$ cat my_file.cif   # mmCIF, C-alpha atoms and all ligand atoms
data_input
#
loop_
_atom_site.group_PDB
_atom_site.id
_atom_site.type_symbol
_atom_site.label_atom_id
_atom_site.label_comp_id
_atom_site.auth_asym_id
_atom_site.auth_seq_id
_atom_site.Cartn_x
_atom_site.Cartn_y
_atom_site.Cartn_z
ATOM 1 C CA MET A 195 7.083 -2.792 -6.646
ATOM 2 C CA LEU A 196 10.091 -2.288 -4.386
ATOM 3 C CA ARG A 197 11.834 -4.516 -1.902
ATOM 4 C CA ILE A 198 10.297 -4.059 1.520
ATOM 5 C CA VAL A 199 12.470 -2.785 4.324
ATOM 6 C CA GLU A 200 12.108 -5.108 7.311
ATOM 7 C CA ARG A 201 11.076 -3.917 10.770
ATOM 8 C CA THR A 202 10.788 -5.926 13.960
ATOM 9 C CA LEU A 203 7.386 -7.056 15.178
ATOM 10 C CA ALA A 204 6.930 -6.808 18.962
ATOM 11 C CA ALA A 205 7.752 -10.081 20.762
ATOM 12 C CA ARG A 206 4.316 -10.262 22.414
ATOM 13 C CA ALA A 207 2.580 -10.087 19.019
ATOM 14 C CA HIS A 208 4.971 -12.705 17.657
ATOM 15 C CA SER A 209 4.116 -15.160 20.404
ATOM 16 C CA ILE A 210 0.378 -14.708 19.847
ATOM 17 C CA LEU A 211 0.873 -15.400 16.131
ATOM 18 C CA GLU A 212 2.813 -18.553 17.011
ATOM 19 C CA HIS A 213 0.056 -19.693 19.326
ATOM 20 C CA LEU A 214 -2.609 -19.132 16.635
ATOM 21 C CA GLN A 215 -0.488 -20.984 14.094
ATOM 22 C CA ALA A 216 -0.093 -23.916 16.464
ATOM 23 C CA THR A 217 -3.877 -24.308 16.693
ATOM 24 C CA VAL A 218 -4.073 -24.488 12.877
ATOM 25 C CA ASP A 219 -1.151 -26.906 12.615
ATOM 26 C CA ALA A 220 -2.778 -29.203 15.171
ATOM 27 C CA ALA A 221 -5.659 -30.054 12.807
ATOM 28 C CA PRO A 222 -5.409 -33.681 11.631
ATOM 29 C CA ASP A 223 -5.033 -33.287 7.851
ATOM 30 C CA TYR A 224 -4.630 -30.734 5.050
ATOM 31 C CA GLN A 225 -8.345 -30.132 4.520
ATOM 32 C CA ALA A 226 -8.895 -29.649 8.228
ATOM 33 C CA ARG A 227 -5.923 -27.263 8.408
ATOM 34 C CA VAL A 228 -7.350 -25.133 5.568
ATOM 35 C CA ARG A 229 -10.677 -24.917 7.408
ATOM 36 C CA ALA A 230 -9.001 -24.225 10.736
ATOM 37 C CA ALA A 231 -6.907 -21.457 9.156
ATOM 38 C CA LYS A 232 -9.978 -19.795 7.690
ATOM 39 C CA LYS A 233 -11.807 -19.955 10.998
ATOM 40 C CA ALA A 234 -8.866 -18.754 13.096
ATOM 41 C CA TRP A 235 -8.299 -15.875 10.673
ATOM 42 C CA GLY A 236 -11.967 -14.893 10.981
ATOM 43 C CA TYR A 237 -11.631 -14.770 14.766
ATOM 44 C CA LYS A 238 -8.212 -13.143 14.875
ATOM 45 C CA THR A 239 -9.448 -10.132 16.844
ATOM 46 C CA SER A 240 -11.968 -11.933 19.065
ATOM 47 C CA THR A 241 -10.003 -11.330 22.279
ATOM 48 C CA LYS A 242 -8.185 -8.249 23.515
ATOM 49 C CA ALA A 243 -4.795 -9.985 23.319
ATOM 50 C CA LYS A 244 -5.341 -11.055 19.706
ATOM 51 C CA ALA A 245 -6.741 -7.655 18.719
ATOM 52 C CA ASP A 246 -3.675 -5.971 20.261
ATOM 53 C CA ALA A 247 -1.374 -8.356 18.396
ATOM 54 C CA PHE A 248 -3.020 -7.575 15.074
ATOM 55 C CA GLN A 249 -2.932 -3.877 15.835
ATOM 56 C CA ALA A 250 0.853 -4.287 16.230
ATOM 57 C CA VAL A 251 0.989 -6.283 12.983
ATOM 58 C CA ARG A 252 -0.809 -3.494 11.125
ATOM 59 C CA GLN A 253 1.305 -0.739 12.633
ATOM 60 C CA THR A 254 4.553 -2.533 11.873
ATOM 61 C CA LEU A 255 3.478 -3.377 8.326
ATOM 62 C CA SER A 256 2.454 0.227 7.713
ATOM 63 C CA SER A 257 5.906 1.372 8.872
ATOM 64 C CA MET A 258 7.395 -0.972 6.243
ATOM 65 C CA CYS A 259 5.353 0.495 3.374
ATOM 66 C CA VAL A 260 7.089 2.421 0.658
ATOM 67 C CA GLY A 261 5.929 6.010 0.373
ATOM 68 C CA PRO A 262 2.823 7.269 2.171
ATOM 69 C CA ILE A 263 1.342 3.900 3.364
ATOM 70 C CA ARG A 264 0.831 2.693 -0.172
ATOM 71 C CA CYS A 265 0.020 -0.869 -1.233
ATOM 72 C CA ALA A 266 3.209 -2.942 -1.518
ATOM 73 C CA TYR A 267 2.159 -4.242 -4.927
ATOM 74 C CA CYS A 268 0.600 -1.366 -6.904
ATOM 75 C CA GLU A 269 1.879 1.618 -4.814
ATOM 76 C CA ASP A 270 -1.226 3.480 -5.949
ATOM 77 C CA SER A 271 -3.904 2.809 -3.324
ATOM 78 C CA LEU A 272 -3.834 3.132 0.427
ATOM 79 C CA ALA A 273 -2.630 -0.100 2.017
ATOM 80 C CA ASP A 274 -5.257 -1.296 4.469
ATOM 81 C CA GLU A 275 -5.340 -5.110 4.299
ATOM 82 C CA VAL A 276 -3.000 -7.649 5.850
ATOM 83 C CA GLU A 277 -2.113 -9.698 2.809
ATOM 84 C CA HIS A 278 -0.764 -13.244 2.800
ATOM 85 C CA ILE A 279 2.015 -13.481 0.229
ATOM 86 C CA ARG A 280 1.342 -17.230 0.154
ATOM 87 C CA PRO A 281 -2.477 -17.489 0.260
ATOM 88 C CA LYS A 282 -3.787 -18.970 3.503
ATOM 89 C CA ASN A 283 -6.319 -21.151 1.678
ATOM 90 C CA PHE A 284 -3.418 -22.927 -0.052
ATOM 91 C CA PHE A 285 -0.848 -22.681 2.741
ATOM 92 C CA PRO A 286 -2.627 -22.949 6.095
ATOM 93 C CA GLU A 287 0.788 -23.478 7.696
ATOM 94 C CA HIS A 288 1.666 -19.875 6.753
ATOM 95 C CA THR A 289 -1.546 -18.219 7.960
ATOM 96 C CA PHE A 290 0.003 -16.644 11.065
ATOM 97 C CA LEU A 291 3.564 -16.407 9.841
ATOM 98 C CA TRP A 292 4.873 -12.854 10.201
ATOM 99 C CA GLU A 293 7.198 -13.227 7.198
ATOM 100 C CA ASN A 294 4.192 -14.063 5.032
ATOM 101 C CA TYR A 295 2.483 -10.696 5.607
ATOM 102 C CA LEU A 296 2.561 -7.421 3.813
ATOM 103 C CA TYR A 297 0.249 -4.442 3.555
ATOM 104 C CA ALA A 298 -1.770 -4.268 0.334
ATOM 105 C CA CYS A 299 -4.951 -2.766 -1.085
ATOM 106 C CA GLY A 300 -8.159 -4.694 -1.755
ATOM 107 C CA PRO A 301 -7.986 -4.689 -5.583
ATOM 108 C CA CYS A 302 -4.480 -6.223 -5.476
ATOM 109 C CA ASN A 303 -5.197 -8.613 -2.613
ATOM 110 C CA GLY A 304 -8.500 -9.993 -3.946
ATOM 111 C CA PRO A 305 -7.675 -11.683 -7.281
ATOM 112 C CA LYS A 306 -4.620 -13.547 -6.028
ATOM 113 C CA GLY A 307 -6.538 -15.238 -3.225
ATOM 114 C CA SER A 308 -7.460 -18.179 -5.434
ATOM 115 C CA ARG A 309 -4.580 -18.202 -7.949
ATOM 116 C CA TYR A 310 -1.231 -19.716 -7.264
ATOM 117 C CA GLY A 311 1.670 -20.588 -9.521
ATOM 118 C CA VAL A 312 4.821 -22.656 -9.156
ATOM 119 C CA LEU A 313 7.877 -22.602 -11.341
ATOM 120 C CA LYS A 314 8.568 -25.853 -13.230
ATOM 121 C CA ASN A 315 11.270 -26.010 -15.896
ATOM 122 C CA ASP A 316 11.344 -22.216 -16.253
ATOM 123 C CA GLN A 317 7.570 -22.107 -16.855
ATOM 124 C CA VAL A 318 4.824 -21.155 -14.455
ATOM 125 C CA LEU A 319 2.393 -23.925 -13.681
ATOM 126 C CA GLU A 320 -0.795 -22.300 -12.494
ATOM 127 C CA PHE A 321 -2.978 -23.823 -9.838
ATOM 128 C CA ILE A 322 -6.526 -22.476 -9.460
ATOM 129 C CA ARG A 323 -8.951 -23.781 -6.874
ATOM 130 C CA SER A 324 -12.534 -22.582 -7.120
ATOM 131 C CA LEU A 325 -15.051 -22.891 -4.315
ATOM 132 C CA LYS A 326 -16.522 -26.136 -5.639
ATOM 133 C CA ASP A 327 -13.156 -27.821 -6.161
ATOM 134 C CA PRO A 328 -11.894 -30.328 -3.605
ATOM 135 C CA ILE A 329 -9.401 -28.930 -1.098
ATOM 136 C CA THR A 330 -6.113 -30.364 -2.307
ATOM 137 C CA PRO A 331 -2.636 -28.954 -1.682
ATOM 138 C CA PRO A 332 -0.976 -26.901 -4.441
ATOM 139 C CA PRO A 333 1.898 -28.539 -6.333
ATOM 140 C CA SER A 334 5.258 -28.333 -4.598
ATOM 141 C CA GLY A 335 7.975 -26.114 -5.962
ATOM 142 C CA ARG A 336 9.071 -22.519 -5.962
ATOM 143 C CA SER A 337 6.218 -20.009 -5.716
ATOM 144 C CA ALA A 338 5.953 -17.988 -8.922
ATOM 145 C CA LEU A 339 4.681 -14.794 -7.336
ATOM 146 C CA ILE A 340 7.518 -12.459 -6.454
ATOM 147 C CA ASP A 341 7.836 -11.943 -2.710
ATOM 148 C CA PRO A 342 9.004 -8.368 -2.050
ATOM 149 C CA ARG A 343 9.857 -9.262 1.563
ATOM 150 C CA ALA A 344 12.354 -11.921 0.508
ATOM 151 C CA GLU A 345 13.355 -10.861 -3.002
ATOM 152 C CA ASP A 346 14.228 -7.657 -4.836
ATOM 153 C CA PRO A 347 11.557 -7.041 -7.503
ATOM 154 C CA PHE A 348 14.174 -5.096 -9.488
ATOM 155 C CA ASP A 349 15.876 -8.415 -10.254
ATOM 156 C CA PHE A 350 12.696 -9.487 -12.073
ATOM 157 C CA PHE A 351 11.037 -6.383 -13.535
ATOM 158 C CA GLU A 352 11.862 -3.164 -15.177
ATOM 159 C CA LEU A 353 9.553 -0.269 -15.775
ATOM 160 C CA ASP A 354 9.476 0.977 -19.348
ATOM 161 C CA LEU A 355 10.273 4.692 -18.975
ATOM 162 C CA GLY A 356 11.414 5.096 -22.590
ATOM 163 C CA GLY A 357 14.413 7.364 -23.154
ATOM 164 C CA THR A 358 17.214 7.975 -25.602
ATOM 165 C CA THR A 359 18.997 5.000 -27.158
ATOM 166 C CA PRO A 360 22.832 5.001 -27.466
ATOM 167 C CA ASP A 361 22.475 6.025 -31.128
ATOM 168 C CA GLY A 362 20.359 9.031 -30.212
ATOM 169 C CA VAL A 363 16.816 7.857 -30.958
ATOM 170 C CA ASP A 364 14.116 9.019 -28.539
ATOM 171 C CA VAL A 365 11.671 6.277 -27.566
ATOM 172 C CA PRO A 366 8.478 7.081 -25.634
ATOM 173 C CA GLY A 367 7.821 5.099 -22.445
ATOM 174 C CA THR A 368 4.780 2.881 -21.980
ATOM 175 C CA PHE A 369 5.130 2.956 -18.175
ATOM 176 C CA GLU A 370 4.362 -0.741 -18.090
ATOM 177 C CA PHE A 371 6.277 -3.306 -16.080
ATOM 178 C CA LEU A 372 8.251 -5.701 -18.283
ATOM 179 C CA PRO A 373 10.260 -8.801 -17.362
ATOM 180 C CA HIS A 374 13.874 -7.746 -16.899
ATOM 181 C CA GLU A 375 15.852 -8.486 -20.061
ATOM 182 C CA ALA A 376 18.885 -9.648 -18.102
ATOM 183 C CA ALA A 377 16.906 -11.998 -15.845
ATOM 184 C CA THR A 378 16.913 -15.770 -16.313
ATOM 185 C CA GLN A 379 14.076 -17.479 -18.222
ATOM 186 C CA GLY A 380 12.595 -18.635 -14.938
ATOM 187 C CA ALA A 381 12.768 -15.168 -13.407
ATOM 188 C CA GLN A 382 11.123 -13.683 -16.500
ATOM 189 C CA ALA A 383 8.318 -16.248 -16.290
ATOM 190 C CA ARG A 384 7.781 -15.342 -12.646
ATOM 191 C CA ALA A 385 7.739 -11.634 -13.566
ATOM 192 C CA ARG A 386 5.078 -12.188 -16.247
ATOM 193 C CA PHE A 387 2.937 -14.207 -13.842
ATOM 194 C CA SER A 388 3.214 -11.577 -11.085
ATOM 195 C CA ILE A 389 2.371 -8.743 -13.500
ATOM 196 C CA GLU A 390 -0.717 -10.608 -14.667
ATOM 197 C CA VAL A 391 -2.046 -11.846 -11.324
ATOM 198 C CA LEU A 392 -1.577 -8.472 -9.629
ATOM 199 C CA GLY A 393 -2.790 -6.497 -12.665
ATOM 200 C CA LEU A 394 0.305 -4.282 -12.467
ATOM 201 C CA ASN A 395 -0.162 -2.983 -16.019
ATOM 202 C CA ARG A 396 -3.813 -2.042 -15.775
ATOM 203 C CA GLU A 397 -4.425 1.239 -17.571
ATOM 204 C CA VAL A 398 -5.109 3.268 -14.453
ATOM 205 C CA MET A 399 -1.701 2.222 -13.052
ATOM 206 C CA ARG A 400 0.112 2.947 -16.292
ATOM 207 C CA VAL A 401 -1.328 6.474 -16.416
ATOM 208 C CA ALA A 402 -0.611 7.038 -12.720
ATOM 209 C CA ARG A 403 3.041 6.063 -13.262
ATOM 210 C CA GLU A 404 3.350 8.364 -16.254
ATOM 211 C CA ASN A 405 2.014 11.241 -14.157
ATOM 212 C CA ALA A 406 4.310 10.267 -11.293
ATOM 213 C CA PHE A 407 7.298 10.427 -13.651
ATOM 214 C CA GLY A 408 6.487 14.061 -14.519
ATOM 215 C CA GLY A 409 5.960 14.848 -10.845
ATOM 216 C CA PHE A 410 9.266 13.308 -9.730
ATOM 217 C CA ARG A 411 11.139 15.123 -12.484
ATOM 218 C CA ALA A 412 9.593 18.475 -11.503
ATOM 219 C CA ARG A 413 10.339 17.922 -7.799
ATOM 220 C CA LEU A 414 13.884 16.823 -8.487
ATOM 221 C CA ARG A 415 14.448 19.838 -10.700
ATOM 222 C CA GLU A 416 13.115 22.137 -7.985
ATOM 223 C CA TYR A 417 15.427 20.488 -5.445
ATOM 224 C CA VAL A 418 18.442 20.880 -7.738
ATOM 225 C CA GLU A 419 17.693 24.530 -8.521
ATOM 226 C CA GLU A 420 17.207 25.483 -4.875
ATOM 227 C CA SER A 421 20.259 23.503 -3.827
ATOM 228 C CA TRP A 422 22.450 25.280 -6.362
ATOM 229 C CA ASN A 423 20.964 28.633 -5.316
ATOM 230 C CA GLY A 424 22.091 28.000 -1.731
ATOM 231 C CA ALA A 425 18.751 27.190 -0.081
ATOM 232 C CA PRO A 426 19.017 26.443 3.671
ATOM 233 C CA GLY A 427 19.250 22.819 4.825
ATOM 234 C CA GLN A 428 15.736 22.730 6.271
ATOM 235 C CA ARG A 429 14.254 23.808 2.946
ATOM 236 C CA LEU A 430 16.181 21.105 1.095
ATOM 237 C CA HIS A 431 15.097 18.549 3.691
ATOM 238 C CA ASP A 432 11.445 19.535 3.141
ATOM 239 C CA LEU A 433 11.791 19.277 -0.652
ATOM 240 C CA ARG A 434 13.341 15.822 -0.291
ATOM 241 C CA GLU A 435 10.523 14.679 2.048
ATOM 242 C CA ASP A 436 7.916 15.983 -0.409
ATOM 243 C CA LEU A 437 9.486 13.974 -3.199
ATOM 244 C CA LEU A 438 9.747 10.792 -1.112
ATOM 245 C CA SER A 439 6.105 11.145 0.024
ATOM 246 C CA THR A 440 4.859 10.912 -3.551
ATOM 247 C CA PRO A 441 3.166 7.615 -4.516
ATOM 248 C CA HIS A 442 4.781 5.291 -7.077
ATOM 249 C CA LEU A 443 8.302 5.445 -5.678
ATOM 250 C CA THR A 444 9.217 2.619 -8.049
ATOM 251 C CA VAL A 445 9.119 5.235 -10.805
ATOM 252 C CA PHE A 446 11.724 7.319 -8.966
ATOM 253 C CA ALA A 447 13.822 4.216 -8.280
ATOM 254 C CA GLU A 448 13.719 3.366 -11.982
ATOM 255 C CA MET A 449 14.648 6.935 -12.932
ATOM 256 C CA ARG A 450 17.808 6.399 -10.871
ATOM 257 C CA ARG A 451 18.467 2.969 -12.348
ATOM 258 C CA GLN A 452 17.839 4.017 -15.973
ATOM 259 C CA LYS A 453 19.361 7.521 -15.888
ATOM 260 C CA GLU A 454 21.878 6.704 -18.648
ATOM 261 C CA TYR A 455 18.921 6.599 -21.073
ATOM 262 C CA LEU A 456 17.147 9.632 -19.572
ATOM 263 C CA LEU A 457 19.432 12.516 -20.426
ATOM 264 C CA ASP A 458 17.511 15.308 -18.658
ATOM 265 C CA ILE A 459 17.166 13.155 -15.530
ATOM 266 C CA LYS A 460 20.859 12.242 -15.607
ATOM 267 C CA ALA A 461 21.763 15.957 -15.746
ATOM 268 C CA LEU A 462 19.721 16.523 -12.570
ATOM 269 C CA PHE A 463 21.309 13.598 -10.708
ATOM 270 C CA ASP A 464 24.757 14.811 -11.789
ATOM 271 C CA LYS A 465 24.007 18.099 -10.015
ATOM 272 C CA ALA A 466 22.530 16.434 -6.911
ATOM 273 C CA PRO A 467 24.176 12.999 -6.599
ATOM 274 C CA GLU A 468 22.887 12.686 -3.031
ATOM 275 C CA ALA A 469 19.398 12.131 -4.493
ATOM 276 C CA GLU A 470 20.608 8.792 -5.828
ATOM 277 C CA GLU A 471 21.191 7.589 -2.276
ATOM 278 C CA TRP A 472 17.958 8.703 -0.593
ATOM 279 C CA PRO A 473 16.389 5.636 1.058
ATOM 280 C CA LEU A 474 12.971 4.802 -0.370
ATOM 281 C CA ILE A 475 11.151 3.945 2.836
ATOM 282 C CA ALA A 476 8.032 5.137 4.582
ATOM 283 C CA THR A 477 8.361 8.669 5.866
ATOM 284 C CA GLY A 478 7.191 9.827 9.253
ATOM 285 C CA PHE A 479 8.289 6.763 11.252
HETATM 286 ZN ZN ZN B 501 -2.588 -2.422 -4.633
#

$ encode --input "my_file.cif" --output "structure tokens" --more "lines below"
Ligand SMILES: [Zn+2]
Amino acid sequence: MLRIVERTLAARAHSILEHLQATVDAAPDYQARVRAAKKAWGYKTSTKAKADAFQAVRQTLSSMCVGPIRCAYCEDSLADEVEHIRPKNFFPEHTFLWENYLYACGPCNGPKGSRYGVLKNDQVLEFIRSLKDPITPPPSGRSALIDPRAEDPFDFFELDLGGTTPDGVDVPGTFEFLPHEAATQGAQARARFSIEVLGLNREVMRVARENAFGGFRARLREYVEESWNGAPGQRLHDLREDLLSTPHLTVFAEMRRQKEYLLDIKALFDKAPEAEEWPLIATGF
């Protein structure tokens, strides 16, 4: 998971979102607002103006995706759902809030719809509401789920790529996300909760990241070799775009961050230091 690069939503779409939110906020109490939010969301494309607004929302969110329109959470699947970072069934007041949206895939979006956590005394207090439970507001406090639009996930997680320790021992990587060792207790608790709710360490993801690591290394090596052999600028540009269009850009970002422990990767970055500065944003926009 990487921090999302912000883009501006068209003013017309913004004002339609505000109007929709106002209809939800006008409901008399919390329960009524939850129901109104659900209904308004269900009808969000029922007129041409609303459909156009949500088309703009989708286009702008897709331009904010890392890599080739990948899910903001897992980076593996195609992003095709407008996801509420704070679930609308808990926070009806954030249903049509632009800052509460990102583009995600169904498997990541689904499970978190009914699970919510807040941080209390450096621990995550989980709040689950099933369909038969009464509609009560979640506890107040800081949301435990990391918000990649407002926070840098790298402050919370690190990806275990393995590497060579300072005393020369080679350790294999698990390619799992781990809470960042240097983060506070509270930040580590939030990292663990986010990993679990989003299923970031499911086996298919772990294997995909391991494969991505090999792919990024091969592409970087190819770039370095051609660069040192005097390849023309257009060729180097194409090689760079190929690398940045590969899913799981977090793996590449972590290769940059952890290069001191990855001796073969460090040797490549030493020969092409510009690759450490390439922006990790959606290509083609
Ligand atoms: Zn996903």

$ resolve_selection --input "my_file.cif" --expression "the PyMOL selection byres (((chain A and resi 332) around 8) and not hetatm)" --output "JSON, numbers by chain"
{"A": [284, 310, 321, 330, 331, 333, 334]}

$ atom_distance --input "my_file.cif" --atom1 "CA of Ala250 in chain A" --atom2 "CA of Ile210 in chain A"
11.0 Å

$ atom_distance --input "my_file.cif" --atom1 "CA of Glu345 in chain A" --atom2 "CA of Thr217 in chain A"
29.4 Å

$ residues_near_ligand --input "my_file.cif" --ligand "ligand ZN 501 (chain B)" --cutoff "10 Å" --atoms "only C-alpha atoms and all ligand atoms" --output "PDB file with C-alpha atoms, keeping the file's coordinate frame"
ATOM      1  CA  MET A 195       7.083  -2.792  -6.646  1.00  0.00           C
ATOM      2  CA  ARG A 264       0.831   2.693  -0.172  1.00  0.00           C
ATOM      3  CA  CYS A 265       0.020  -0.869  -1.233  1.00  0.00           C
ATOM      4  CA  ALA A 266       3.209  -2.942  -1.518  1.00  0.00           C
ATOM      5  CA  TYR A 267       2.159  -4.242  -4.927  1.00  0.00           C
ATOM      6  CA  CYS A 268       0.600  -1.366  -6.904  1.00  0.00           C
ATOM      7  CA  GLU A 269       1.879   1.618  -4.814  1.00  0.00           C
ATOM      8  CA  ASP A 270      -1.226   3.480  -5.949  1.00  0.00           C
ATOM      9  CA  SER A 271      -3.904   2.809  -3.324  1.00  0.00           C
ATOM     10  CA  LEU A 272      -3.834   3.132   0.427  1.00  0.00           C
ATOM     11  CA  ALA A 273      -2.630  -0.100   2.017  1.00  0.00           C
ATOM     12  CA  ASP A 274      -5.257  -1.296   4.469  1.00  0.00           C
ATOM     13  CA  GLU A 275      -5.340  -5.110   4.299  1.00  0.00           C
ATOM     14  CA  TYR A 297       0.249  -4.442   3.555  1.00  0.00           C
ATOM     15  CA  ALA A 298      -1.770  -4.268   0.334  1.00  0.00           C
ATOM     16  CA  CYS A 299      -4.951  -2.766  -1.085  1.00  0.00           C
ATOM     17  CA  GLY A 300      -8.159  -4.694  -1.755  1.00  0.00           C
ATOM     18  CA  PRO A 301      -7.986  -4.689  -5.583  1.00  0.00           C
ATOM     19  CA  CYS A 302      -4.480  -6.223  -5.476  1.00  0.00           C
ATOM     20  CA  ASN A 303      -5.197  -8.613  -2.613  1.00  0.00           C
ATOM     21  CA  GLY A 304      -8.500  -9.993  -3.946  1.00  0.00           C
ATOM     22  CA  LEU A 392      -1.577  -8.472  -9.629  1.00  0.00           C
ATOM     23  CA  GLY A 393      -2.790  -6.497 -12.665  1.00  0.00           C
ATOM     24  CA  LEU A 394       0.305  -4.282 -12.467  1.00  0.00           C
ATOM     25  CA  MET A 399      -1.701   2.222 -13.052  1.00  0.00           C
TER      26      MET A 399
END

$ resolve_selection --input "my_file.cif" --expression "the PyMOL selection byres (((chain A and resi 202-204) around 12) and not hetatm)" --output "CSV table (one decimal) with C-alpha atoms, in the coordinates of the input"
chain,number,residue,atom,x,y,z
A,199,VAL,CA,12.5,-2.8,4.3
A,200,GLU,CA,12.1,-5.1,7.3
A,201,ARG,CA,11.1,-3.9,10.8
A,205,ALA,CA,7.8,-10.1,20.8
A,206,ARG,CA,4.3,-10.3,22.4
A,207,ALA,CA,2.6,-10.1,19.0
A,208,HIS,CA,5.0,-12.7,17.7
A,209,SER,CA,4.1,-15.2,20.4
A,210,ILE,CA,0.4,-14.7,19.8
A,211,LEU,CA,0.9,-15.4,16.1
A,246,ASP,CA,-3.7,-6.0,20.3
A,247,ALA,CA,-1.4,-8.4,18.4
A,248,PHE,CA,-3.0,-7.6,15.1
A,249,GLN,CA,-2.9,-3.9,15.8
A,250,ALA,CA,0.9,-4.3,16.2
A,251,VAL,CA,1.0,-6.3,13.0
A,252,ARG,CA,-0.8,-3.5,11.1
A,253,GLN,CA,1.3,-0.7,12.6
A,254,THR,CA,4.6,-2.5,11.9
A,255,LEU,CA,3.5,-3.4,8.3
A,256,SER,CA,2.5,0.2,7.7
A,257,SER,CA,5.9,1.4,8.9
A,258,MET,CA,7.4,-1.0,6.2
A,291,LEU,CA,3.6,-16.4,9.8
A,292,TRP,CA,4.9,-12.9,10.2
A,293,GLU,CA,7.2,-13.2,7.2
A,295,TYR,CA,2.5,-10.7,5.6

$ atom_distance --input "my_file.cif" --atom1 "CA of Pro328 in chain A" --atom2 "CA of Asn315 in chain A"
26.6 Å

$ closest_atom_pairs --input "my_file.cif" --of "range 360-401 of chain A" --to "range 443-461 of chain A" --cutoff "10 Å" --atoms "all atoms listed in the file" --output "JSON lines"
{"residue": "A:Pro360", "atom": "CA", "partner": "A:Tyr455", "partner_atom": "CA", "distance": 7.7}
{"residue": "A:Gly362", "atom": "CA", "partner": "A:Tyr455", "partner_atom": "CA", "distance": 9.6}
{"residue": "A:Asp364", "atom": "CA", "partner": "A:Tyr455", "partner_atom": "CA", "distance": 9.2}
{"residue": "A:Val365", "atom": "CA", "partner": "A:Tyr455", "partner_atom": "CA", "distance": 9.7}
{"residue": "A:Phe369", "atom": "CA", "partner": "A:Val445", "partner_atom": "CA", "distance": 8.7}

$ closest_residue --input "my_file.cif" --among "A:Ala221, A:Leu296, A:Leu353, A:Ile475" --to "His278 in chain A" --atoms "only C-alpha atoms"
A:Leu296

$ residues_near_point --input "my_file.cif" --point "(13.7, 8.1, -1.1)" --cutoff "10 Å" --atoms "all atoms listed in the file" --output "list in words"
Val260, Gly261, Arg434, Glu435, Asp436, Leu437, Leu438, Ser439, Thr440, Leu443, Thr444, Phe446, Ala447, Ala469, Glu470, Glu471, Trp472, Pro473, Leu474, Ile475, Ala476 and Thr477 of chain A

$ write_last_selection --input "my_file.cif" --atoms "C-alpha atoms" --output "CSV table (one decimal), in the frame of the given file"
chain,number,residue,atom,x,y,z
A,260,VAL,CA,7.1,2.4,0.7
A,261,GLY,CA,5.9,6.0,0.4
A,434,ARG,CA,13.3,15.8,-0.3
A,435,GLU,CA,10.5,14.7,2.0
A,436,ASP,CA,7.9,16.0,-0.4
A,437,LEU,CA,9.5,14.0,-3.2
A,438,LEU,CA,9.7,10.8,-1.1
A,439,SER,CA,6.1,11.1,0.0
A,440,THR,CA,4.9,10.9,-3.6
A,443,LEU,CA,8.3,5.4,-5.7
A,444,THR,CA,9.2,2.6,-8.0
A,446,PHE,CA,11.7,7.3,-9.0
A,447,ALA,CA,13.8,4.2,-8.3
A,469,ALA,CA,19.4,12.1,-4.5
A,470,GLU,CA,20.6,8.8,-5.8
A,471,GLU,CA,21.2,7.6,-2.3
A,472,TRP,CA,18.0,8.7,-0.6
A,473,PRO,CA,16.4,5.6,1.1
A,474,LEU,CA,13.0,4.8,-0.4
A,475,ILE,CA,11.2,3.9,2.8
A,476,ALA,CA,8.0,5.1,4.6
A,477,THR,CA,8.4,8.7,5.9

$ residues_around --input "my_file.cif" --residues "Asp432 in chain A" --least-positions-apart "6" --cutoff "12 Å" --atoms "only C-alpha atoms" --output "list of chain:residue names"
A:Arg413, A:Glu416, A:Tyr417, A:Glu420, A:Ser421, A:Ala425, A:Pro426, A:Leu438, A:Ser439, A:Thr477

$ write_last_selection --input "my_file.cif" --atoms "C-alpha atoms" --output "PDB file, in the frame of the given file"
ATOM      1  CA  ARG A 413      10.339  17.922  -7.799  1.00  0.00           C
ATOM      2  CA  GLU A 416      13.115  22.137  -7.985  1.00  0.00           C
ATOM      3  CA  TYR A 417      15.427  20.488  -5.445  1.00  0.00           C
ATOM      4  CA  GLU A 420      17.207  25.483  -4.875  1.00  0.00           C
ATOM      5  CA  SER A 421      20.259  23.503  -3.827  1.00  0.00           C
ATOM      6  CA  ALA A 425      18.751  27.190  -0.081  1.00  0.00           C
ATOM      7  CA  PRO A 426      19.017  26.443   3.671  1.00  0.00           C
ATOM      8  CA  LEU A 438       9.747  10.792  -1.112  1.00  0.00           C
ATOM      9  CA  SER A 439       6.105  11.145   0.024  1.00  0.00           C
ATOM     10  CA  THR A 477       8.361   8.669   5.866  1.00  0.00           C
TER      11      THR A 477
END

$ resolve_selection --input "my_file.cif" --expression "the PyMOL selection byres (((chain A and resi 349) around 12) and not hetatm)" --output "short mmCIF file (atom, residue, chain, number, x, y, z; two decimals) with C-alpha atoms, keeping the file's coordinate frame"
data_model
loop_
_atom_site.label_atom_id
_atom_site.label_comp_id
_atom_site.auth_asym_id
_atom_site.auth_seq_id
_atom_site.Cartn_x
_atom_site.Cartn_y
_atom_site.Cartn_z
CA MET A 195 7.08 -2.79 -6.65
CA LEU A 196 10.09 -2.29 -4.39
CA ARG A 197 11.83 -4.52 -1.90
CA ILE A 340 7.52 -12.46 -6.45
CA ASP A 341 7.84 -11.94 -2.71
CA PRO A 342 9.00 -8.37 -2.05
CA ALA A 344 12.35 -11.92 0.51
CA GLU A 345 13.36 -10.86 -3.00
CA ASP A 346 14.23 -7.66 -4.84
CA PRO A 347 11.56 -7.04 -7.50
CA PHE A 348 14.17 -5.10 -9.49
CA PHE A 350 12.70 -9.49 -12.07
CA PHE A 351 11.04 -6.38 -13.54
CA GLU A 352 11.86 -3.16 -15.18
CA LEU A 353 9.55 -0.27 -15.78
CA LEU A 372 8.25 -5.70 -18.28
CA PRO A 373 10.26 -8.80 -17.36
CA HIS A 374 13.87 -7.75 -16.90
CA GLU A 375 15.85 -8.49 -20.06
CA ALA A 376 18.89 -9.65 -18.10
CA ALA A 377 16.91 -12.00 -15.84
CA THR A 378 16.91 -15.77 -16.31
CA GLY A 380 12.60 -18.64 -14.94
CA ALA A 381 12.77 -15.17 -13.41
CA GLN A 382 11.12 -13.68 -16.50
CA ARG A 384 7.78 -15.34 -12.65
CA ALA A 385 7.74 -11.63 -13.57
CA ARG A 451 18.47 2.97 -12.35
#
